[in-house]
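For reference, model_5.cif is printed below; it contains mmCIF, C-alpha atoms.
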data_data
loop_
_atom_site.label_atom_id
_atom_site.label_comp_id
_atom_site.auth_asym_id
_atom_site.auth_seq_id
_atom_site.Cartn_x
_atom_site.Cartn_y
_atom_site.Cartn_z
CA MET T 1 43.24 37.17 -5.84
CA PRO T 2 41.86 40.68 -6.24
CA HIS T 3 38.33 41.41 -5.17
CA HIS T 4 35.90 41.60 -8.09
CA PRO T 5 32.69 43.35 -7.13
CA PRO T 6 29.51 41.88 -8.52
CA PRO T 7 27.98 43.66 -11.50
CA ARG T 8 26.00 46.72 -10.46
CA SER T 9 22.28 46.31 -10.55
CA SER T 10 19.41 48.47 -9.49
CA GLU T 11 18.20 45.52 -7.41
CA ARG T 12 19.79 44.08 -4.32
CA PRO T 13 21.60 40.79 -4.96
CA GLU T 14 19.87 37.70 -3.64
CA PRO T 15 21.46 35.95 -0.63
CA GLY T 16 22.32 32.90 -2.76
CA ASP T 17 24.17 35.11 -5.23
CA LEU T 18 26.08 36.83 -2.44
CA TYR T 19 27.14 33.52 -0.88
CA ARG T 20 28.17 32.16 -4.30
CA LEU T 21 30.33 35.23 -4.96
CA ALA T 22 31.87 35.04 -1.51
CA ARG T 23 32.65 31.32 -1.89
CA ARG T 24 34.35 32.02 -5.21
CA ASP T 25 36.41 34.89 -3.79
CA ALA T 26 37.31 32.93 -0.64
CA GLU T 27 38.62 29.83 -2.46
CA PRO T 28 42.32 30.81 -2.20
CA PHE T 29 41.90 31.71 1.47
CA LEU T 30 40.11 28.44 2.27
CA ALA T 31 42.86 26.47 0.51
CA GLY T 32 45.21 27.65 3.24
CA HIS T 33 42.60 27.54 6.01
CA PRO T 34 40.44 24.46 5.47
CA LEU T 35 37.27 24.64 7.54
CA PRO T 36 34.94 21.73 8.31
CA ASP T 37 32.15 21.25 5.78
CA GLN T 38 29.95 19.39 8.24
CA PRO T 39 27.98 20.92 11.11
CA LEU T 40 29.52 20.63 14.56
CA ALA T 41 28.54 17.54 16.51
CA LEU T 42 25.45 18.14 18.61
CA PRO T 43 25.72 17.53 22.33
CA ASP T 44 24.03 14.33 23.47
CA LEU T 45 20.83 15.44 25.18
CA THR T 46 19.53 11.88 25.47
CA PRO T 47 20.06 11.58 29.25
CA TYR T 48 18.09 14.80 29.86
CA LEU T 49 15.29 13.81 27.48
CA GLN T 50 15.06 10.32 28.99
CA ALA T 51 14.97 11.64 32.55
CA LEU T 52 12.31 14.29 31.97
CA PRO T 53 9.28 11.98 31.55
CA ASP T 54 10.20 10.25 34.82
CA ALA T 55 10.44 13.51 36.78
CA ARG T 56 7.51 13.83 39.19
CA THR T 57 8.43 16.86 41.29
CA PRO T 58 9.65 20.39 40.64
CA ALA T 59 12.90 19.45 42.38
CA GLU T 60 13.49 16.61 39.91
CA VAL T 61 12.73 18.85 36.90
CA SER T 62 15.00 21.49 38.41
CA ALA T 63 17.82 18.97 38.71
CA ILE T 64 17.47 18.10 35.02
CA THR T 65 17.28 21.78 34.03
CA HIS T 66 20.25 22.76 36.18
CA HIS T 67 22.39 19.93 34.81
CA LEU T 68 21.42 20.82 31.24
CA VAL T 69 22.28 24.51 31.69
CA THR T 70 25.55 23.63 33.42
CA ALA T 71 26.48 21.19 30.65
CA THR T 72 25.60 23.47 27.74
CA ALA T 73 26.64 26.87 29.11
CA PRO T 74 30.34 26.53 28.20
CA VAL T 75 29.53 25.58 24.60
CA LEU T 76 26.93 28.31 24.15
CA ASP T 77 29.16 30.91 25.80
CA HIS T 78 32.01 29.85 23.51
CA ILE T 79 29.77 30.37 20.47
CA ALA T 80 28.60 33.74 21.79
CA ALA T 81 32.23 34.81 22.30
CA HIS T 82 32.95 33.85 18.69
CA PHE T 83 30.07 36.08 17.52
CA VAL T 84 31.65 38.97 19.45
CA THR T 85 35.04 38.17 17.88
CA LEU T 86 33.37 38.32 14.46
CA ALA T 87 31.86 41.70 15.36
CA LEU T 88 35.29 43.03 16.29
CA TRP T 89 36.99 41.83 13.08
CA ALA T 90 38.59 44.53 11.00
CA GLY T 91 40.37 43.55 7.83
CA THR T 92 42.81 45.75 5.96
CA GLU T 93 40.33 46.48 3.18
CA HIS T 94 37.01 46.03 4.92
CA ARG T 95 35.28 46.57 8.19
CA HIS T 96 31.86 45.31 9.17
CA THR T 97 28.99 47.68 8.66
CA PRO T 98 27.60 49.19 11.87
CA GLN T 99 24.42 47.16 11.29
CA SER T 100 26.31 43.86 11.05
CA VAL T 101 28.32 44.66 14.20
CA ARG T 102 25.08 45.38 16.05
CA LEU T 103 23.48 42.16 14.77
CA LEU T 104 26.50 40.03 15.76
CA ARG T 105 26.60 41.54 19.25
CA GLU T 106 22.85 41.03 19.61
CA ALA T 107 23.24 37.40 18.53
CA ALA T 108 25.90 36.86 21.19
CA GLN T 109 23.71 38.52 23.82
CA THR T 110 20.70 36.43 22.76
CA VAL T 111 22.64 33.18 23.18
CA ARG T 112 23.77 34.23 26.65
CA THR T 113 20.32 35.55 27.56
CA ALA T 114 18.77 32.20 26.67
CA LEU T 115 20.85 30.51 29.37
CA VAL T 116 19.93 33.17 31.91
CA LYS T 117 16.23 32.87 31.09
CA VAL T 118 16.26 29.09 31.46
CA ALA T 119 17.98 29.44 34.85
CA GLU T 120 15.45 32.12 35.89
CA ALA T 121 12.54 29.91 34.82
CA ASN T 122 13.99 27.08 36.87
CA LEU T 123 14.29 29.30 39.95
CA GLU T 124 10.77 30.66 39.42
CA ASN T 125 9.39 27.12 39.44
CA LEU T 126 11.34 26.30 42.60
CA ARG T 127 10.09 29.48 44.31
CA ALA T 128 6.52 28.57 43.43
CA HIS T 129 7.03 25.07 44.81
CA TYR T 130 8.90 25.93 48.01
CA THR T 131 7.14 29.17 48.95
CA PRO T 132 4.18 28.62 51.25
CA ARG T 133 0.85 29.32 49.55
CA ALA T 134 -0.19 32.03 52.03
CA ALA T 135 3.03 33.97 51.44
CA ALA T 136 2.65 33.61 47.70
CA THR T 137 -0.83 35.17 47.67
CA GLU T 138 -0.01 38.15 49.88
CA HIS T 139 1.49 41.27 48.42
CA PRO T 140 4.31 43.04 50.26
CA GLY T 141 2.89 45.64 52.63
CA ALA T 142 -0.60 44.23 52.43
CA GLY T 143 -2.05 43.18 55.72
CA ALA T 144 -5.44 42.02 56.83
CA PRO T 145 -8.23 44.38 55.77
CA SER T 146 -8.87 47.06 58.33
CA SER T 147 -12.31 47.48 59.86
CA THR T 148 -12.15 51.16 59.00
CA ALA T 149 -11.50 50.50 55.34
CA THR T 150 -14.21 51.86 53.12
CA ALA T 151 -15.44 49.71 50.33
CA ALA T 152 -16.09 51.24 46.98
CA PRO T 153 -19.80 51.53 46.29
CA ALA T 154 -21.21 48.85 44.04
CA PRO T 155 -22.19 50.07 40.61
CA SER T 156 -25.81 51.10 40.48
CA ALA T 157 -28.24 49.27 38.24
CA GLY T 158 -30.56 52.26 38.37
CA PRO T 159 -32.12 54.66 40.86
CA ARG T 160 -32.64 53.33 44.36
CA ARG T 161 -36.08 53.31 45.85
#
Can you dump the structure from the file as structure tokens?
Amino acid sequence: MPHHPPPRSSERPEPGDLYRLARRDAEPFLAGHPLPDQPLALPDLTPYLQALPDARTPAEVSAITHHLVTATAPVLDHIAAHFVTLALWAGTEHRHTPQSVRLLREAAQTVRTALVKVAEANLENLRAHYTPRAAATEHPGAGAPSSTATAAPAPSAGPRR
């Protein structure tokens, strides 16, 4: 079926109109490539959600977090890879706009970054729990104050007498 562009208007078409036009023009394609109409099944997060209220230590929360990231990483990475595949698509009559390619790549990176950030947050909590308090409060290179250190003068409330 030939592509029929929407009527020209001085205004930008609404998203609903664009999707309606695309659905109409994609009907012959979808007849040969039926796609599911329903959302993908969600992973069962019940075990993680049930375990979390019972967690009492950072190690227990870390175990839940680590298992959740490990269980969901393959699915999320698979989705991110599909976004990249979409960005690389080039049809015979159309190529994505540079803006849409950038947005699709950013979406893929955001999905992957979310996993990395959750893992980093988990490690940060473990560092805070397992690092001795004294080491956590010291800054690298900072030692005990020297007796020759000069203190900054206190701000004056007025002339001294």
Margin query: Taking 2 positions as the minimum chain separation for residues in the same chain, which residues sit within 12 Å of region 118-125 of chain T when counting all atoms listed in the file? Answer as a PyMOL selection string.
Written below: chain T and resi 57-70+72-73+111-116+127-131+136
Just-selected residues, C-alpha atoms written as a tab-separated table (two decimals), keeping the file's coordinate frame:
chain	number	residue	atom	x	y	z
T	57	THR	CA	8.43	16.86	41.29
T	58	PRO	CA	9.65	20.39	40.64
T	59	ALA	CA	12.90	19.45	42.38
T	60	GLU	CA	13.49	16.61	39.91
T	61	VAL	CA	12.73	18.85	36.90
T	62	SER	CA	15.00	21.49	38.41
T	63	ALA	CA	17.82	18.97	38.71
T	64	ILE	CA	17.47	18.10	35.02
T	65	THR	CA	17.28	21.78	34.03
T	66	HIS	CA	20.25	22.76	36.18
T	67	HIS	CA	22.39	19.93	34.81
T	68	LEU	CA	21.42	20.82	31.24
T	69	VAL	CA	22.28	24.51	31.69
T	70	THR	CA	25.55	23.63	33.42
T	72	THR	CA	25.60	23.47	27.74
T	73	ALA	CA	26.64	26.87	29.11
T	111	VAL	CA	22.64	33.18	23.18
T	112	ARG	CA	23.77	34.23	26.65
T	113	THR	CA	20.32	35.55	27.56
T	114	ALA	CA	18.77	32.20	26.67
T	115	LEU	CA	20.85	30.51	29.37
T	116	VAL	CA	19.93	33.17	31.91
T	127	ARG	CA	10.09	29.48	44.31
T	128	ALA	CA	6.52	28.57	43.43
T	129	HIS	CA	7.03	25.07	44.81
T	130	TYR	CA	8.90	25.93	48.01
T	131	THR	CA	7.14	29.17	48.95
T	136	ALA	CA	2.65	33.61	47.70
Note to self: Could you list, as a PyMOL selection string, every residue within 8 Å of Leu104 (chain T), counting only C-alpha atoms and ignoring same-chain residues fewer than 3 positions away?
What the structure shows: chain T and resi 83-84+86-87+100-101+107-108
Next item on the list: For the file shown, report as a list in words the outcome of the PyMOL selection byres ((chain T and resi 43) around 10) at residue level.
Entry: Leu40, Ala41, Leu42, Asp44, Leu45, Thr46, Ala71, Thr72 and Val75 of chain T
